[in-house]
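Visitor: Contents of coords31.csv (CSV, C-alpha atoms):
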chain,number,residue,atom,x,y,z
A,158,MET,CA,-72.1,-96.6,-37.9
A,159,ARG,CA,-68.5,-97.1,-37.2
A,160,THR,CA,-67.5,-96.2,-33.6
A,161,SER,CA,-64.2,-95.1,-32.2
A,162,SER,CA,-63.8,-98.5,-30.5
A,163,SER,CA,-63.5,-100.2,-33.9
A,164,ILE,CA,-60.6,-98.0,-34.9
A,165,PRO,CA,-57.2,-99.6,-34.1
A,166,LYS,CA,-55.5,-97.9,-31.2
A,167,PRO,CA,-52.3,-97.1,-33.1
A,168,VAL,CA,-54.4,-95.2,-35.6
A,169,LEU,CA,-56.1,-93.2,-32.8
A,170,ILE,CA,-52.7,-92.4,-31.3
A,171,LEU,CA,-51.0,-91.3,-34.6
A,172,ALA,CA,-54.0,-89.4,-36.1
A,173,PRO,CA,-53.8,-86.2,-34.0
A,174,TRP,CA,-50.0,-85.9,-34.6
A,175,LEU,CA,-50.5,-86.3,-38.4
A,176,CYS,CA,-53.1,-83.6,-38.2
A,177,ILE,CA,-50.7,-81.3,-36.5
A,178,LEU,CA,-48.0,-82.1,-39.0
A,179,PHE,CA,-50.4,-81.4,-42.0
A,180,PHE,CA,-51.5,-78.2,-40.3
A,181,TRP,CA,-47.9,-77.2,-39.8
A,182,TYR,CA,-47.1,-77.7,-43.5
A,183,GLY,CA,-50.4,-76.0,-44.4
A,184,VAL,CA,-49.5,-72.8,-42.5
A,185,ARG,CA,-46.1,-72.7,-44.1
A,186,TRP,CA,-47.3,-73.2,-47.6
A,187,SER,CA,-50.4,-71.1,-47.4
A,188,GLY,CA,-48.6,-67.8,-47.7
A,189,LEU,CA,-50.6,-66.4,-44.8
A,190,VAL,CA,-47.4,-66.3,-42.7
A,191,ASP,CA,-43.9,-65.5,-43.9
A,192,ALA,CA,-42.2,-68.9,-44.5
A,193,SER,CA,-39.1,-67.6,-42.8
A,194,LEU,CA,-41.1,-67.4,-39.6
A,195,VAL,CA,-42.3,-71.0,-39.7
A,196,PRO,CA,-39.4,-73.5,-40.1
A,197,ALA,CA,-40.4,-76.7,-41.9
A,198,PRO,CA,-40.7,-79.9,-39.9
A,199,GLY,CA,-37.7,-81.3,-41.9
A,200,GLU,CA,-35.6,-78.3,-40.9
A,201,VAL,CA,-36.5,-78.7,-37.2
A,202,LEU,CA,-35.7,-82.4,-37.4
A,203,ALA,CA,-32.3,-81.7,-39.0
A,204,ARG,CA,-31.6,-79.1,-36.3
A,205,PHE,CA,-32.7,-81.6,-33.6
A,206,THR,CA,-30.2,-84.2,-35.0
A,207,GLU,CA,-27.5,-81.6,-35.1
A,208,LEU,CA,-28.1,-80.4,-31.5
A,209,LEU,CA,-28.4,-83.9,-30.2
A,210,GLN,CA,-24.8,-84.5,-31.2
A,211,GLY,CA,-23.8,-81.5,-29.0
A,212,ARG,CA,-25.5,-80.2,-25.9
A,213,LEU,CA,-29.1,-81.1,-26.4
A,214,GLY,CA,-29.0,-84.4,-24.5
A,215,TRP,CA,-27.4,-82.7,-21.5
A,216,ASP,CA,-29.9,-79.8,-21.6
A,217,MET,CA,-32.8,-82.3,-21.5
A,218,LEU,CA,-31.2,-84.2,-18.6
A,219,ILE,CA,-30.6,-81.0,-16.6
A,220,SER,CA,-34.2,-79.7,-17.2
A,221,THR,CA,-35.6,-83.1,-16.3
A,222,ARG,CA,-33.6,-83.2,-13.1
A,223,ARG,CA,-34.7,-79.7,-12.1
A,224,VAL,CA,-38.4,-80.6,-12.7
A,225,PHE,CA,-38.1,-83.9,-10.9
A,226,THR,CA,-36.5,-82.3,-7.9
A,227,GLY,CA,-39.0,-79.4,-7.7
A,228,VAL,CA,-42.0,-81.8,-8.1
A,229,ALA,CA,-40.6,-84.3,-5.6
A,230,LEU,CA,-40.1,-81.6,-2.9
A,231,GLY,CA,-43.4,-79.9,-3.7
A,232,ILE,CA,-45.5,-83.0,-3.6
A,233,THR,CA,-43.7,-84.2,-0.4
A,234,VAL,CA,-45.0,-81.1,1.3
A,235,ALA,CA,-48.3,-80.8,-0.6
A,236,VAL,CA,-49.6,-84.3,0.3
A,237,PRO,CA,-49.7,-83.9,4.1
A,238,VAL,CA,-50.8,-80.2,3.9
A,239,GLY,CA,-53.5,-81.1,1.4
A,240,PHE,CA,-54.6,-84.0,3.5
A,241,CYS,CA,-55.0,-81.8,6.6
A,242,LEU,CA,-56.8,-79.1,4.7
A,243,GLY,CA,-59.2,-81.7,3.2
A,244,TRP,CA,-59.7,-83.8,6.4
A,245,TYR,CA,-60.1,-81.0,8.9
A,246,ARG,CA,-62.7,-78.5,7.9
A,247,GLY,CA,-61.5,-75.9,10.5
A,248,ILE,CA,-58.0,-75.9,9.1
A,249,ARG,CA,-59.4,-75.6,5.5
A,250,VAL,CA,-61.6,-72.6,6.3
A,251,PHE,CA,-58.6,-70.9,8.1
A,252,MET,CA,-56.0,-71.6,5.3
A,253,ASP,CA,-58.1,-71.6,2.1
A,254,PRO,CA,-57.8,-67.8,1.5
A,255,VAL,CA,-54.0,-67.9,2.0
A,256,ILE,CA,-53.6,-71.0,-0.3
A,257,ASN,CA,-55.7,-69.4,-3.1
A,258,PHE,CA,-53.9,-66.1,-2.7
A,259,PHE,CA,-50.5,-67.6,-3.3
A,260,ARG,CA,-51.8,-70.1,-5.9
A,261,ALA,CA,-52.9,-67.2,-8.1
A,262,LEU,CA,-49.4,-65.6,-8.1
A,263,PRO,CA,-47.5,-66.6,-11.3
A,264,PRO,CA,-44.0,-68.0,-10.4
A,265,ILE,CA,-42.4,-65.6,-12.9
A,266,ALA,CA,-43.5,-62.7,-10.8
A,267,LEU,CA,-41.5,-64.0,-7.8
A,268,ILE,CA,-38.2,-64.3,-9.7
A,269,PRO,CA,-36.8,-61.0,-8.5
A,270,LEU,CA,-37.5,-61.9,-4.8
A,271,VAL,CA,-36.1,-65.5,-5.4
A,272,ILE,CA,-32.9,-64.0,-6.7
A,273,VAL,CA,-32.6,-61.7,-3.7
A,274,TYR,CA,-33.1,-64.5,-1.2
A,275,PHE,CA,-31.6,-67.5,-2.9
A,276,GLY,CA,-29.1,-66.2,-5.4
A,277,ILE,CA,-28.9,-67.3,-9.0
A,278,GLY,CA,-27.8,-70.9,-8.5
A,279,GLU,CA,-29.7,-74.2,-8.7
A,280,THR,CA,-31.5,-73.5,-5.4
A,281,ALA,CA,-33.3,-70.5,-6.9
A,282,LYS,CA,-34.6,-72.6,-9.8
A,283,THR,CA,-35.7,-75.4,-7.5
A,284,VAL,CA,-37.6,-72.9,-5.3
A,285,ILE,CA,-39.5,-71.7,-8.3
A,286,LEU,CA,-40.4,-75.2,-9.4
A,287,PHE,CA,-41.2,-76.2,-5.8
A,288,TYR,CA,-43.6,-73.2,-5.5
A,289,ALA,CA,-45.4,-74.1,-8.7
A,290,SER,CA,-45.6,-77.8,-7.8
A,291,PHE,CA,-46.7,-77.3,-4.2
A,292,PHE,CA,-49.7,-75.2,-4.9
A,293,ALA,CA,-50.8,-77.3,-7.8
A,294,GLY,CA,-50.5,-80.4,-5.7
A,295,VAL,CA,-52.1,-79.1,-2.5
A,296,ILE,CA,-55.3,-77.9,-4.3
A,297,VAL,CA,-55.8,-81.3,-6.0
A,298,MET,CA,-55.1,-83.1,-2.7
A,299,TYR,CA,-57.5,-81.1,-0.4
A,300,GLU,CA,-60.3,-81.1,-3.0
A,301,GLY,CA,-60.0,-84.8,-3.4
A,302,ILE,CA,-59.8,-85.6,0.3
A,303,SER,CA,-62.7,-83.3,1.2
A,304,GLN,CA,-64.9,-85.2,-1.2
A,305,ILE,CA,-64.3,-88.6,0.4
A,306,SER,CA,-67.6,-89.9,1.7
A,307,PRO,CA,-67.7,-90.3,5.5
A,308,ILE,CA,-69.9,-93.4,4.9
A,309,TYR,CA,-66.8,-95.5,4.5
A,310,ILE,CA,-65.5,-94.4,7.9
A,311,ARG,CA,-68.9,-95.2,9.5
A,312,VAL,CA,-69.1,-98.6,7.9
A,313,ALA,CA,-65.5,-99.4,9.1
A,314,LYS,CA,-66.4,-98.4,12.6
A,315,THR,CA,-69.6,-100.4,12.6
A,316,LEU,CA,-67.5,-103.5,11.6
A,317,GLY,CA,-65.3,-102.8,14.7
A,318,ALA,CA,-62.2,-101.4,13.0
A,319,THR,CA,-59.9,-99.3,15.1
A,320,ASP,CA,-58.8,-95.8,14.2
A,321,MET,CA,-55.4,-97.1,13.0
A,322,GLU,CA,-57.1,-99.8,10.9
A,323,ILE,CA,-59.4,-97.2,9.4
A,324,PHE,CA,-56.5,-95.0,8.5
A,325,HIS,CA,-54.4,-97.8,6.9
A,326,ARG,CA,-57.2,-99.8,5.2
A,327,VAL,CA,-59.7,-97.1,4.3
A,328,ILE,CA,-58.2,-93.6,4.2
A,329,VAL,CA,-54.8,-94.4,2.7
A,330,PRO,CA,-56.1,-96.5,-0.2
A,331,MET,CA,-58.7,-93.8,-1.0
A,332,THR,CA,-56.0,-91.2,-0.8
A,333,VAL,CA,-53.6,-92.8,-3.3
A,334,PRO,CA,-55.6,-91.8,-6.5
A,335,HIS,CA,-55.6,-88.2,-5.3
A,336,ILE,CA,-51.8,-88.3,-4.6
A,337,LEU,CA,-51.2,-89.7,-8.1
A,338,THR,CA,-53.4,-87.0,-9.7
A,339,ALA,CA,-51.6,-84.3,-7.7
A,340,ILE,CA,-48.3,-85.6,-9.0
A,341,ARG,CA,-49.6,-85.5,-12.6
A,342,VAL,CA,-50.9,-82.0,-12.2
A,343,ALA,CA,-47.7,-80.8,-10.5
A,344,LEU,CA,-45.6,-82.3,-13.3
A,345,GLY,CA,-47.5,-80.4,-15.9
A,346,VAL,CA,-47.3,-77.2,-14.0
A,347,ALA,CA,-43.6,-77.6,-13.3
A,348,TRP,CA,-42.8,-78.2,-17.0
A,349,ALA,CA,-44.9,-75.2,-17.9
A,350,THR,CA,-42.9,-73.2,-15.3
A,351,LEU,CA,-39.5,-74.5,-16.4
A,352,VAL,CA,-38.6,-71.7,-18.8
A,353,ALA,CA,-39.5,-69.2,-16.1
A,354,SER,CA,-37.3,-70.9,-13.6
A,355,GLU,CA,-34.4,-71.0,-16.1
A,356,LEU,CA,-34.6,-67.2,-16.6
A,357,ILE,CA,-32.5,-67.1,-13.5
A,358,ALA,CA,-29.0,-67.0,-15.1
A,359,ALA,CA,-29.3,-70.5,-16.5
A,360,GLN,CA,-26.6,-71.6,-18.9
A,361,GLN,CA,-27.9,-75.1,-19.3
A,362,GLY,CA,-31.4,-76.6,-19.7
A,363,LEU,CA,-34.1,-76.5,-22.4
A,364,GLY,CA,-35.4,-73.2,-21.1
A,365,ALA,CA,-31.9,-71.7,-21.4
A,366,LEU,CA,-31.7,-73.2,-24.9
A,367,ILE,CA,-34.9,-71.5,-26.0
A,368,GLN,CA,-34.0,-68.2,-24.5
A,369,ASN,CA,-30.6,-68.1,-26.1
A,370,ALA,CA,-32.1,-69.1,-29.5
A,371,SER,CA,-34.7,-66.3,-29.2
A,372,ALA,CA,-31.8,-63.8,-28.8
A,373,PHE,CA,-30.4,-64.8,-32.1
A,374,PHE,CA,-33.8,-65.4,-33.8
A,375,GLN,CA,-33.1,-69.1,-34.3
A,376,LEU,CA,-36.7,-70.3,-34.7
A,377,ASP,CA,-35.8,-73.9,-35.5
A,378,VAL,CA,-33.9,-74.2,-32.2
A,379,ILE,CA,-36.9,-72.7,-30.4
A,380,TYR,CA,-39.1,-75.3,-32.0
A,381,VAL,CA,-36.7,-78.1,-31.0
A,382,GLY,CA,-36.7,-76.9,-27.4
A,383,ILE,CA,-40.5,-76.7,-27.3
A,384,ILE,CA,-41.0,-80.1,-28.8
A,385,CYS,CA,-38.4,-81.6,-26.4
A,386,ILE,CA,-40.2,-80.1,-23.3
A,387,GLY,CA,-43.6,-81.4,-24.5
A,388,SER,CA,-42.2,-84.9,-25.4
A,389,ILE,CA,-40.5,-85.4,-22.0
A,390,ALA,CA,-43.5,-84.1,-20.1
A,391,MET,CA,-45.8,-86.5,-22.2
A,392,THR,CA,-43.5,-89.4,-21.5
A,393,MET,CA,-43.4,-88.8,-17.8
A,394,ASP,CA,-47.2,-88.5,-17.8
A,395,ILE,CA,-47.7,-91.7,-19.7
A,396,ALA,CA,-45.4,-93.5,-17.2
A,397,LEU,CA,-47.3,-92.1,-14.3
A,398,ARG,CA,-50.7,-93.1,-15.8
A,399,ALA,CA,-49.4,-96.6,-16.2
A,400,LEU,CA,-48.3,-96.6,-12.6
A,401,SER,CA,-51.7,-95.3,-11.6
A,402,ARG,CA,-53.5,-98.1,-13.3
A,403,ARG,CA,-51.5,-100.6,-11.4
A,404,LEU,CA,-51.9,-98.9,-8.0
A,405,VAL,CA,-55.6,-98.2,-8.2
A,406,ALA,CA,-56.7,-101.2,-10.2
A,407,TRP,CA,-59.5,-101.6,-7.6
A,408,GLN,CA,-61.1,-98.3,-8.6
A,409,ASP,CA,-64.0,-98.4,-11.1
A,410,ARG,CA,-63.2,-96.5,-14.3
A,411,LEU,CA,-65.2,-95.6,-17.4
A,412,ASN,CA,-62.4,-96.9,-19.7
Represent the structure contained in this file as structure tokens.
Guide:
Amino acid sequence: MRTSSSIPKPVLILAPWLCILFFWYGVRWSGLVDASLVPAPGEVLARFTELLQGRLGWDMLISTRRVFTGVALGITVAVPVGFCLGWYRGIRVFMDPVINFFRALPPIALIPLVIVYFGIGETAKTVILFYASFFAGVIVMYEGISQISPIYIRVAKTLGATDMEIFHRVIVPMTVPHILTAIRVALGVAWATLVASELIAAQQGLGALIQNASAFFQLDVIYVGIICIGSIAMTMDIALRALSRRLVAWQDRLN
């Protein structure tokens, strides 16, 4: 029996994308959906090339900058907050209901209030992305920290380590994987929230591109925007995973 380990890695990487492409063509040619509602991959590629010669590159850069800023600010706050929630049980019990209350609120529901308090400029968009990133990151952080076994602390104390040595040589290294996971989750949530944040009077960005295209029923442009968002998010995630493998090479993994 042939196992997946014997299949070349490039084949494993390309196979799902080819399946999606065949499915795309199949839906278009099946007649189950009006062909005018499903632009062909070739049409989308042609529109991508056309837009790339115009504003598309700038839109991708603007959206990437917004997501990066929102995630950077959100994680900067989420890491210490999540650490405190995970490390100190009393704080976790006190704050857990509040965290879960706000985590459940979709960022798009806050747009009217954000406009009232922050206007319609870049600050408002950053606030929406910060909100989404913070609550995604803080949940991952405090769940991960709370599951760190106290046996490591006791062993370090038995060996004569001081509190500062325990923090730097035990706690910090064990926290790094959770920080990296929090960043990955926050990036995914931020990209998913991007279109909502760019509802706030955005004239540039991939979310704005998609919204403007929907007003004129330009389905091929909408597909281009969606594919660009997914591609950039995937590229950032791959880069972060590569960084994670370097920083936590000491950690045992299944693969």
Visitor: Taking a cut-off of 9 Å and counting only C-alpha atoms, can you build a table that, for each residue of region 295-384 of chain A near region 282-286 of chain A, reports the nearest atom pair and how far apart they are in Å (one decimal), sorted by chain then residue number, as CSV?
Guide:
residue,atom,partner,partner_atom,distance
A:Val346,CA,A:Leu286,CA,8.5
A:Ala347,CA,A:Leu286,CA,5.6
A:Trp348,CA,A:Leu286,CA,8.5
A:Thr350,CA,A:Leu286,CA,6.7
A:Leu351,CA,A:Leu286,CA,7.1
A:Ala353,CA,A:Ile285,CA,8.2
A:Ser354,CA,A:Lys282,CA,5.0
A:Glu355,CA,A:Lys282,CA,6.5
A:Leu356,CA,A:Lys282,CA,8.7
A:Ile357,CA,A:Lys282,CA,7.0
A:Ala359,CA,A:Lys282,CA,8.8
Visitor: Just give me the gap between CA of Ala343 (chain A) and CA of Ile323 (chain A) in Å, one decimal is fine.
Guide: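 Atom-to-atom, CA of Ala343 (chain A) to CA of Ile323 (chain A), that is 28.3 Å.
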Visitor: If we count all atoms listed in the file and set the cut-off at 9 Å, which residues sit around region 297-311 of chain A, ignoring sequence neighbours fewer than 2 positions away in its own chain? Please answer as a count of residues only.
Guide: 32
Visitor: Report, in Å with one decimal, the straight-line distance from CA of Arg223 (chain A) to CA of Val378 (chain A).
Guide: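 A separation of 20.9 Å between them.
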Visitor: Would you mind reading off the distance between CA of Ala390 (chain A) and CA of Val224 (chain A), one decimal, in Å?
Guide: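 Separation between CA of Ala390 (chain A) and CA of Val224 (chain A): 9.6 Å.
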Visitor: Could I get the residues of region 167-284 of chain A with an atom no further than 12 Å from an atom of region 370-375 of chain A, each paired with its nearest atom pair and that distance in Å to one decimal, using all atoms listed in the file, sorted by chain and residue number, as CSV?
Guide:
residue,atom,partner,partner_atom,distance
A:Ser193,CA,A:Gln375,CA,10.5
A:Leu194,CA,A:Phe374,CA,9.5
A:Val195,CA,A:Gln375,CA,10.8
A:Pro196,CA,A:Gln375,CA,9.6
A:Glu200,CA,A:Gln375,CA,11.6
A:Val201,CA,A:Gln375,CA,10.6
A:Arg204,CA,A:Gln375,CA,10.3
Visitor: Between A:Ile170, A:Leu404, A:Ala281, A:Leu175, which residue has the minimum interatomic distance to Val329 (chain A), considering all atoms listed in the file?
Guide: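 Of A:Ile170, A:Leu404, A:Ala281, A:Leu175, the one nearest Val329 (chain A), counting all atoms listed in the file, is A:Leu404.
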Visitor: Counting only C-alpha atoms, figure out which residue out of A:Val273, A:Met252, A:Leu230, A:Val352 gets nearest to Ile296 (chain A).
Guide: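 Closest to Ile296 (chain A) of all the choices is A:Met252.
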Visitor: Between A:Met217, A:Ala203, A:Val405, A:Val255, single out the one closest to Gly387 (chain A), counting all atoms listed in the file.
Guide: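 Among the listed residues, A:Met217 lies closest to Gly387 (chain A).
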Visitor: My list of candidates is A:Leu344, A:Leu171, A:Ala261, A:Ala349. Which is closest to Leu363 (chain A) when distances are computed with all atoms listed in the file?
Guide: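 Residue with the minimum atom-to-atom distance to Leu363 (chain A): A:Ala349.
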